[in-house]
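Below: one structure, written as structure tokens.
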Amino acid sequence: MRMTISMEGRLAASVRREAAARDLSVSAFIAQVLDDFLKRPEPAQVRPFRLITVSGEGPRAGIDLDRPRALESRDDEERYR
């Protein structure tokens, strides 16, 4: 089957260069690349990530969650008084 395609000059030059490197005509190269691409299996459906949380009282007052070492310091102070 004959088909006409249009592509940007830079892409066309790359296709010609790659086809020549593989000792193929441009048509044969494009057909091979498309055939290989279409034979690839579909990627498996990735299940969406679901964050499981637990209920609680929330963060402690006075603790900046952007500074995790502050939490460690507070715990150490409570433990080793």
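Residue numbering restarts at 1 for every chain of the structure tokens, chains are lettered A, B, ... in their displayed order, and ligands are numbered from 1 as they appear.
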
**Study point:** Exercise: A:Arg17 partners within 10 Å, only C-alpha atoms, chain neighbours under 6 positions left out, as a VMD selection string
**Key:** chain A and resid 11 23 26

Review point. Quick one: DSSP alpha helix (DSSP H) residues in chain A, as a PyMOL selection string?
Key: chain A and resi 9-21+26-39+68-79

**Study point:** Distance criterion (only C-alpha atoms): nearest to A:Ile5 out of A:Asp76, A:Pro68, A:Ile30, A:Ala19
**Key:**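 Selected residue with least distance to A:Ile5: A:Ile30.
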
Check your understanding: Leaving out stretch 48-59 of chain A and any residue of its chain fewer than 5 positions from it, which residues lie within 12 Å of it when counting only C-alpha atoms, given as a ChimeraX atom specification?
Key -> /A:64-66,68,71

**Study point:** atom CA of A:Asp35 to atom CA of A:Arg47, straight-line distance in Å
**Key:**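 So the answer is 28.8 Å.
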
Review point. So which residues touch A:Glu18 within 12 Å, counting only C-alpha atoms, skipping near sequence neighbours fewer than 3 positions away, as a PyMOL selection string?
Key: chain A and resi 11-15+21-30+32-33

Check your understanding: In Å, how far is it from atom CA of A:Met3 to atom CA of A:Arg40?
Key -> 22.8 Å
